[in-house]
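**Q** Dropping in data_37.pdb, which is PDB, C-alpha atoms:
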```pdb
MODEL        1
ATOM      1  CA  MET A  26      72.320 104.188 189.619
ATOM      2  CA  LEU A  27      71.169 101.748 186.929
ATOM      3  CA  PHE A  28      69.541 104.600 185.010
ATOM      4  CA  SER A  29      72.809 106.553 185.135
ATOM      5  CA  LEU A  30      74.766 103.591 183.756
ATOM      6  CA  ALA A  31      72.179 103.127 180.993
ATOM      7  CA  VAL A  32      72.414 106.818 180.090
ATOM      8  CA  ILE A  33      76.194 106.672 180.005
ATOM      9  CA  PHE A  34      76.339 103.572 177.809
ATOM     10  CA  LEU A  35      73.390 104.141 175.478
ATOM     11  CA  VAL A  36      73.813 107.863 174.901
ATOM     12  CA  GLY A  37      77.602 107.511 174.765
ATOM     13  CA  LEU A  38      77.524 104.765 172.152
ATOM     14  CA  SER A  39      74.859 106.613 170.151
ATOM     15  CA  ALA A  40      76.901 109.799 170.163
ATOM     16  CA  ALA A  41      79.996 107.807 169.192
ATOM     17  CA  ALA A  42      78.145 106.341 166.200
ATOM     18  CA  ILE A  43      76.912 109.789 165.149
ATOM     19  CA  PHE A  44      80.400 111.272 165.383
ATOM     20  CA  GLN A  45      81.817 108.335 163.427
ATOM     21  CA  THR A  46      79.323 108.867 160.595
ATOM     22  CA  ILE A  47      80.367 112.509 160.269
ATOM     23  CA  GLY A  48      84.018 111.483 160.129
ATOM     24  CA  LEU A  49      85.170 112.325 163.654
ATOM     25  CA  PRO A  50      86.687 109.917 166.176
ATOM     26  CA  ARG A  51      84.176 107.981 168.282
ATOM     27  CA  ILE A  52      85.833 109.091 171.502
ATOM     28  CA  ILE A  53      84.761 112.703 170.897
ATOM     29  CA  GLY A  54      81.121 111.639 171.001
ATOM     30  CA  MET A  55      81.714 109.742 174.213
ATOM     31  CA  LEU A  56      83.510 112.704 175.769
ATOM     32  CA  ALA A  57      80.691 115.036 174.732
ATOM     33  CA  THR A  58      78.186 112.681 176.360
ATOM     34  CA  GLY A  59      80.182 112.693 179.574
ATOM     35  CA  ILE A  60      80.328 116.471 179.616
ATOM     36  CA  LEU A  61      76.642 116.946 178.821
ATOM     37  CA  THR A  62      75.302 114.361 181.271
ATOM     38  CA  GLY A  63      77.722 115.354 184.026
ATOM     39  CA  THR A  64      77.154 117.590 187.005
ATOM     40  CA  TYR A  65      77.962 120.868 185.250
ATOM     41  CA  VAL A  66      75.451 120.754 182.370
ATOM     42  CA  LEU A  67      72.390 118.465 182.614
ATOM     43  CA  ASP A  68      73.204 116.707 185.916
ATOM     44  CA  LEU A  69      71.589 113.408 184.886
ATOM     45  CA  LEU A  70      73.963 111.148 186.794
ATOM     46  CA  ASP A  71      73.352 109.651 190.210
ATOM     47  CA  PRO A  72      75.837 110.875 192.853
ATOM     48  CA  LYS A  73      76.731 107.232 193.554
ATOM     49  CA  ILE A  74      78.131 106.949 190.012
ATOM     50  CA  LEU A  75      80.283 109.988 190.626
ATOM     51  CA  GLY A  76      81.540 108.351 193.814
ATOM     52  CA  ILE A  77      82.839 105.319 191.915
ATOM     53  CA  SER A  78      84.041 107.218 188.847
ATOM     54  CA  SER A  79      87.721 106.566 189.602
ATOM     55  CA  GLU A  80      87.046 102.821 189.710
ATOM     56  CA  LEU A  81      85.114 103.021 186.439
ATOM     57  CA  ARG A  82      88.031 104.854 184.816
ATOM     58  CA  GLN A  83      90.438 102.168 186.028
ATOM     59  CA  ILE A  84      88.186  99.450 184.620
ATOM     60  CA  ALA A  85      88.107 101.261 181.265
ATOM     61  CA  LEU A  86      91.903 101.566 181.244
ATOM     62  CA  ILE A  87      92.273  97.876 182.072
ATOM     63  CA  ILE A  88      89.952  96.932 179.207
ATOM     64  CA  ILE A  89      91.884  99.139 176.767
ATOM     65  CA  LEU A  90      95.251  97.735 177.850
ATOM     66  CA  ILE A  91      93.962  94.145 177.679
ATOM     67  CA  LYS A  92      92.793  94.833 174.131
ATOM     68  CA  ALA A  93      96.245  96.195 173.337
ATOM     69  CA  GLY A  94      98.006  93.231 174.910
ATOM     70  CA  LEU A  95      95.849  90.666 173.155
ATOM     71  CA  SER A  96      96.467  92.268 169.774
ATOM     72  CA  LEU A  97     100.253  92.142 170.151
ATOM     73  CA  ASN A  98     102.213  89.255 168.764
ATOM     74  CA  LEU A  99     105.374  88.408 170.699
ATOM     75  CA  SER A 100     107.207  87.149 167.624
ATOM     76  CA  ASP A 101     106.576  90.477 165.853
ATOM     77  CA  LEU A 102     107.981  92.365 168.835
ATOM     78  CA  LYS A 103     111.031  90.110 168.925
ATOM     79  CA  LYS A 104     111.522  90.783 165.218
ATOM     80  CA  VAL A 105     111.457  94.550 165.804
ATOM     81  CA  GLY A 106     113.678  94.256 168.873
ATOM     82  CA  ARG A 107     115.590  97.331 169.978
ATOM     83  CA  PRO A 108     113.324 100.021 168.461
ATOM     84  CA  ALA A 109     110.350  98.608 170.395
ATOM     85  CA  VAL A 110     112.304  98.851 173.637
ATOM     86  CA  MET A 111     113.431 102.377 172.787
ATOM     87  CA  MET A 112     109.861 103.460 172.023
ATOM     88  CA  SER A 113     108.872 102.163 175.433
ATOM     89  CA  PHE A 114     110.777 104.654 177.542
ATOM     90  CA  LEU A 115     112.655 107.264 175.509
ATOM     91  CA  PRO A 116     109.731 109.522 174.479
ATOM     92  CA  ALA A 117     108.378 109.872 178.016
ATOM     93  CA  SER A 118     111.867 110.311 179.444
ATOM     94  CA  PHE A 119     112.666 113.170 177.095
ATOM     95  CA  GLU A 120     109.300 114.828 177.686
ATOM     96  CA  ILE A 121     109.752 114.660 181.454
ATOM     97  CA  LEU A 122     113.301 115.968 181.104
ATOM     98  CA  GLY A 123     112.112 118.821 178.888
ATOM     99  CA  TYR A 124     109.474 119.861 181.417
ATOM    100  CA  PHE A 125     112.008 119.453 184.242
ATOM    101  CA  ILE A 126     114.387 121.895 182.547
ATOM    102  CA  LEU A 127     112.021 124.389 180.891
ATOM    103  CA  ALA A 128     108.994 124.601 183.198
ATOM    104  CA  PRO A 129     110.858 126.251 186.113
ATOM    105  CA  LEU A 130     112.257 128.856 183.735
ATOM    106  CA  LEU A 131     109.008 129.566 181.887
ATOM    107  CA  LEU A 132     106.380 128.993 184.575
ATOM    108  CA  GLY A 133     108.262 129.777 187.779
ATOM    109  CA  ILE A 134     107.580 126.426 189.479
ATOM    110  CA  ASN A 135     110.040 124.193 191.302
ATOM    111  CA  HIS A 136     111.703 121.157 189.738
ATOM    112  CA  THR A 137     109.541 118.615 191.582
ATOM    113  CA  GLU A 138     106.344 120.196 190.277
ATOM    114  CA  ALA A 139     107.894 120.392 186.807
ATOM    115  CA  ALA A 140     108.761 116.672 186.858
ATOM    116  CA  VAL A 141     105.243 115.747 187.975
ATOM    117  CA  MET A 142     103.772 117.975 185.259
ATOM    118  CA  GLY A 143     106.038 116.314 182.686
ATOM    119  CA  ALA A 144     104.933 112.848 183.813
ATOM    120  CA  VAL A 145     101.258 113.798 183.603
ATOM    121  CA  LEU A 146     101.476 115.578 180.259
ATOM    122  CA  GLY A 147     103.917 113.076 178.775
ATOM    123  CA  ALA A 148     101.575 110.128 179.180
ATOM    124  CA  VAL A 149     100.086 108.850 175.936
ATOM    125  CA  SER A 150      96.336 108.296 175.926
ATOM    126  CA  PRO A 151      95.703 104.588 175.377
ATOM    127  CA  ALA A 152      92.066 105.374 174.548
ATOM    128  CA  VAL A 153      93.294 107.086 171.383
ATOM    129  CA  VAL A 154      96.374 105.054 170.443
ATOM    130  CA  VAL A 155      95.121 101.493 171.023
ATOM    131  CA  PRO A 156      92.018 101.538 168.773
ATOM    132  CA  ARG A 157      93.922 103.235 165.944
ATOM    133  CA  MET A 158      96.830 100.806 166.049
ATOM    134  CA  VAL A 159      94.510  97.787 166.275
ATOM    135  CA  LYS A 160      92.634  99.123 163.244
ATOM    136  CA  LEU A 161      95.912  99.512 161.319
ATOM    137  CA  MET A 162      96.912  95.975 162.272
ATOM    138  CA  GLU A 163      93.547  94.605 161.095
ATOM    139  CA  GLU A 164      93.965  96.434 157.779
ATOM    140  CA  LYS A 165      97.529  95.050 157.478
ATOM    141  CA  TYR A 166      98.829  98.597 157.137
ATOM    142  CA  GLY A 167     102.483  98.817 158.212
ATOM    143  CA  THR A 168     102.528  95.296 159.608
ATOM    144  CA  GLU A 169     105.380  94.131 157.368
ATOM    145  CA  LYS A 170     107.769  96.244 159.433
ATOM    146  CA  SER A 171     105.653  95.825 162.624
ATOM    147  CA  ILE A 172     105.135  99.565 163.015
ATOM    148  CA  PRO A 173     101.662  99.452 164.630
ATOM    149  CA  GLN A 174     102.795  96.711 166.996
ATOM    150  CA  MET A 175     105.838  98.754 167.978
ATOM    151  CA  ILE A 176     103.759 101.887 168.610
ATOM    152  CA  LEU A 177     101.185  99.900 170.566
ATOM    153  CA  ALA A 178     103.798  98.301 172.828
ATOM    154  CA  GLY A 179     105.655 101.574 173.174
ATOM    155  CA  ALA A 180     102.551 103.545 174.121
ATOM    156  CA  SER A 181     101.553 101.022 176.768
ATOM    157  CA  CYS A 182     105.002 100.919 178.355
ATOM    158  CA  ASP A 183     105.317 104.698 177.991
ATOM    159  CA  ASP A 184     102.205 105.113 180.146
ATOM    160  CA  ILE A 185     103.572 102.751 182.771
ATOM    161  CA  LEU A 186     106.782 104.772 182.959
ATOM    162  CA  ALA A 187     104.935 108.097 183.156
TER     163      ALA A 187
ENDMDL
END
```
Take the structure in the file and give it back as structure tokens.

**A**
Amino acid sequence: MLFSLAVIFLVGLSAAAIFQTIGLPRIIGMLATGILTGTYVLDLLDPKILGISSELRQIALIIILIKAGLSLNLSDLKKVGRPAVMMSFLPASFEILGYFILAPLLLGINHTEAAVMGAVLGAVSPAVVVPRMVKLMEEKYGTEKSIPQMILAGASCDDILA
């Protein structure tokens, strides 16, 4: 199990660095590592790791959301006010509503399945949004109008709603 964790971390971080040097997002290298070392290609991982994979994913999500929360400034969010609240629930609500209305017509599924599909597909990936917004905040890009902070708070709350 320790070997599997070492493979995941070392190869994943190495692939992320390689992908970053060629101008692609780091997460693509990590995803490629997961696919290649997984059960369908090279099968390098211990079955015990696969048994706790849901817990590992939850830990990763918690780390990403903590990073997002620690990079937010409450006074900036208060300054933005209403748009931050609107970004928190309106996008996901409209996406779920769109799937609820159109999916039964286009895909022939019932409304409950359409709503669940809208909630799953409407969720914003914090693994993509959080690092980009933190990077923009560090570079002071858009921080005068608190745009990265608003997107960061909105994406986090959007996921909770979905």

**Q** Grab the atom CA of A:Gly147 to atom CA of A:Leu49 distance for me, in Å with one decimal place.

**A**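 Interatomic distance here is 24.1 Å.
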
**Q** Which polymer residues have any atom within 10 Å of an atom of A:Ala57, counting all atoms listed in the file, with same-chain residues fewer than 5 positions away left out, as an NGL selection string?

**A** :A and (36-37 or 40-41 or 52 or 62-63)

**Q** Apply the PyMOL selection byres ((chain A and resi 77-92) around 10) to the file shown and report the selected residues as JSON, numbers by chain.

**A** {"A": [72, 73, 74, 75, 76, 93, 94, 95, 96, 97, 150, 151, 152, 153, 154, 155, 156, 159, 177, 178, 181]}

**Q** Let me know the residues the PyMOL selection byres ((chain A and resi 186) around 9) catches in the file above, as a PDB file with C-alpha atoms, in the frame of the given file.

**A**
```pdb
ATOM      1  CA  SER A 113     108.872 102.163 175.433  1.00  0.00           C
ATOM      2  CA  PHE A 114     110.777 104.654 177.542  1.00  0.00           C
ATOM      3  CA  ALA A 117     108.378 109.872 178.016  1.00  0.00           C
ATOM      4  CA  SER A 118     111.867 110.311 179.444  1.00  0.00           C
ATOM      5  CA  ALA A 144     104.933 112.848 183.813  1.00  0.00           C
ATOM      6  CA  ALA A 148     101.575 110.128 179.180  1.00  0.00           C
ATOM      7  CA  SER A 181     101.553 101.022 176.768  1.00  0.00           C
ATOM      8  CA  CYS A 182     105.002 100.919 178.355  1.00  0.00           C
ATOM      9  CA  ASP A 183     105.317 104.698 177.991  1.00  0.00           C
ATOM     10  CA  ASP A 184     102.205 105.113 180.146  1.00  0.00           C
ATOM     11  CA  ILE A 185     103.572 102.751 182.771  1.00  0.00           C
ATOM     12  CA  ALA A 187     104.935 108.097 183.156  1.00  0.00           C
TER      13      ALA A 187
END
```

**Q** In terms of the shortest atom-to-atom distance over all atoms listed in the file, which of A:Ile47, A:Ala128, A:Val105, A:Leu27 is closest to A:Thr168?

**A**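 Residue with the minimum atom-to-atom distance to A:Thr168: A:Val105.
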
**Q** Separation of atom CA of A:Ile53 and atom CA of A:Lys160, in Å?

**A**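 The value is 17.5 Å.
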
**Q** Nearest to A:Met142: which of A:Leu127, A:Arg157, A:Ser171, A:Ile121 is it, counting only C-alpha atoms?

**A**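 Answer, going by the shortest atom-to-atom distance: A:Ile121.
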
**Q** Smallest atom-to-atom distance to A:Gly54: which of A:Gln174, A:Lys165, A:Phe34, A:Val149, using all atoms listed in the file?

**A**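 The answer is A:Phe34, which sits nearest to A:Gly54.
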
**Q** Around all of stretch 104-116 of chain A's listed atoms, make the axis-aligned box with 3 Å on each side and tell me centre and edge lengths in Å to one decimal, as JSON.

**A**
```
{"center_x": 112.2, "center_y": 100.2, "center_z": 171.4, "size_x": 12.7, "size_y": 24.7, "size_z": 18.3}
```

**Q** Between atom CA of A:Arg107 and atom CA of A:Ile126, what is the distance, to one decimal in Å?

**A**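 One can read the atom CA of A:Arg107 to atom CA of A:Ile126 distance as 27.6 Å.
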
**Q** For A:Met26, which of A:Ile134, A:Ile176, A:Leu69, A:Leu115 is the closest residue, counting all atoms listed in the file?

**A**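 Looking only at the distances to A:Met26, the closest residue turns out to be A:Leu69.
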
**Q** For A:Thr58, which residue among A:Ile43, A:Ser100, A:Gly143, A:Glu164 is the nearest when counting all atoms listed in the file?

**A**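 Smallest separation from A:Thr58 among the options: A:Ile43.
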
**Q** Which residues come within 12 Å of A:Ala139, counting all atoms listed in the file, excluding same-chain residues fewer than 6 positions away, as a PyMOL selection string?

**A** chain A and resi 120-133+145-147

**Q** Residues of the last selection are to be written out with C-alpha atoms, as a PDB file, in the coordinates of the input.

**A**
```
ATOM      1  CA  GLU A 120     109.300 114.828 177.686  1.00  0.00           C
ATOM      2  CA  ILE A 121     109.752 114.660 181.454  1.00  0.00           C
ATOM      3  CA  LEU A 122     113.301 115.968 181.104  1.00  0.00           C
ATOM      4  CA  GLY A 123     112.112 118.821 178.888  1.00  0.00           C
ATOM      5  CA  TYR A 124     109.474 119.861 181.417  1.00  0.00           C
ATOM      6  CA  PHE A 125     112.008 119.453 184.242  1.00  0.00           C
ATOM      7  CA  ILE A 126     114.387 121.895 182.547  1.00  0.00           C
ATOM      8  CA  LEU A 127     112.021 124.389 180.891  1.00  0.00           C
ATOM      9  CA  ALA A 128     108.994 124.601 183.198  1.00  0.00           C
ATOM     10  CA  PRO A 129     110.858 126.251 186.113  1.00  0.00           C
ATOM     11  CA  LEU A 130     112.257 128.856 183.735  1.00  0.00           C
ATOM     12  CA  LEU A 131     109.008 129.566 181.887  1.00  0.00           C
ATOM     13  CA  LEU A 132     106.380 128.993 184.575  1.00  0.00           C
ATOM     14  CA  GLY A 133     108.262 129.777 187.779  1.00  0.00           C
ATOM     15  CA  VAL A 145     101.258 113.798 183.603  1.00  0.00           C
ATOM     16  CA  LEU A 146     101.476 115.578 180.259  1.00  0.00           C
ATOM     17  CA  GLY A 147     103.917 113.076 178.775  1.00  0.00           C
TER      18      GLY A 147
END
```

**Q** Kindly indicate which residue among A:Leu161, A:Ala31, A:Ala180, A:Leu67 lies nearest to A:Met111, using all atoms listed in the file for the distances.

**A**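 Ranking A:Leu161, A:Ala31, A:Ala180, A:Leu67 by distance to A:Met111, first place goes to A:Ala180.
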
**Q** Can you rebuild stretch 127-139 of chain A with N, CA and C atoms and give it as a PDB file, keeping the file's coordinate frame?

**A**
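To be explicit, this is the file written out as result.pdb:
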```pdb
ATOM      1  N   LEU A 127     112.636 123.151 181.381  1.00  0.00           N
ATOM      2  CA  LEU A 127     112.021 124.389 180.891  1.00  0.00           C
ATOM      3  C   LEU A 127     110.896 124.951 181.755  1.00  0.00           C
ATOM      4  N   ALA A 128     110.136 124.103 182.424  1.00  0.00           N
ATOM      5  CA  ALA A 128     108.994 124.601 183.198  1.00  0.00           C
ATOM      6  C   ALA A 128     109.394 125.541 184.328  1.00  0.00           C
ATOM      7  N   PRO A 129     110.477 125.273 185.084  1.00  0.00           N
ATOM      8  CA  PRO A 129     110.858 126.251 186.113  1.00  0.00           C
ATOM      9  C   PRO A 129     111.250 127.607 185.534  1.00  0.00           C
ATOM     10  N   LEU A 130     111.858 127.592 184.359  1.00  0.00           N
ATOM     11  CA  LEU A 130     112.257 128.856 183.735  1.00  0.00           C
ATOM     12  C   LEU A 130     111.059 129.625 183.186  1.00  0.00           C
ATOM     13  N   LEU A 131     110.136 128.905 182.549  1.00  0.00           N
ATOM     14  CA  LEU A 131     109.008 129.566 181.887  1.00  0.00           C
ATOM     15  C   LEU A 131     107.822 129.815 182.810  1.00  0.00           C
ATOM     16  N   LEU A 132     107.572 128.912 183.743  1.00  0.00           N
ATOM     17  CA  LEU A 132     106.380 128.993 184.575  1.00  0.00           C
ATOM     18  C   LEU A 132     106.658 129.378 186.022  1.00  0.00           C
ATOM     19  N   GLY A 133     107.915 129.385 186.420  1.00  0.00           N
ATOM     20  CA  GLY A 133     108.262 129.777 187.779  1.00  0.00           C
ATOM     21  C   GLY A 133     107.867 128.765 188.837  1.00  0.00           C
ATOM     22  N   ILE A 134     107.895 127.476 188.505  1.00  0.00           N
ATOM     23  CA  ILE A 134     107.580 126.426 189.479  1.00  0.00           C
ATOM     24  C   ILE A 134     108.868 125.703 189.839  1.00  0.00           C
ATOM     25  N   ASN A 135     108.822 124.913 190.912  1.00  0.00           N
ATOM     26  CA  ASN A 135     110.040 124.193 191.302  1.00  0.00           C
ATOM     27  C   ASN A 135     110.216 122.937 190.445  1.00  0.00           C
ATOM     28  N   HIS A 136     111.372 122.307 190.595  1.00  0.00           N
ATOM     29  CA  HIS A 136     111.703 121.157 189.738  1.00  0.00           C
ATOM     30  C   HIS A 136     110.830 119.938 190.019  1.00  0.00           C
ATOM     31  N   THR A 137     110.405 119.757 191.266  1.00  0.00           N
ATOM     32  CA  THR A 137     109.541 118.615 191.582  1.00  0.00           C
ATOM     33  C   THR A 137     108.197 118.755 190.881  1.00  0.00           C
ATOM     34  N   GLU A 138     107.616 119.947 190.966  1.00  0.00           N
ATOM     35  CA  GLU A 138     106.344 120.196 190.277  1.00  0.00           C
ATOM     36  C   GLU A 138     106.505 120.064 188.773  1.00  0.00           C
ATOM     37  N   ALA A 139     107.639 120.505 188.243  1.00  0.00           N
ATOM     38  CA  ALA A 139     107.894 120.392 186.807  1.00  0.00           C
ATOM     39  C   ALA A 139     107.991 118.927 186.380  1.00  0.00           C
TER      40      ALA A 139
END
```
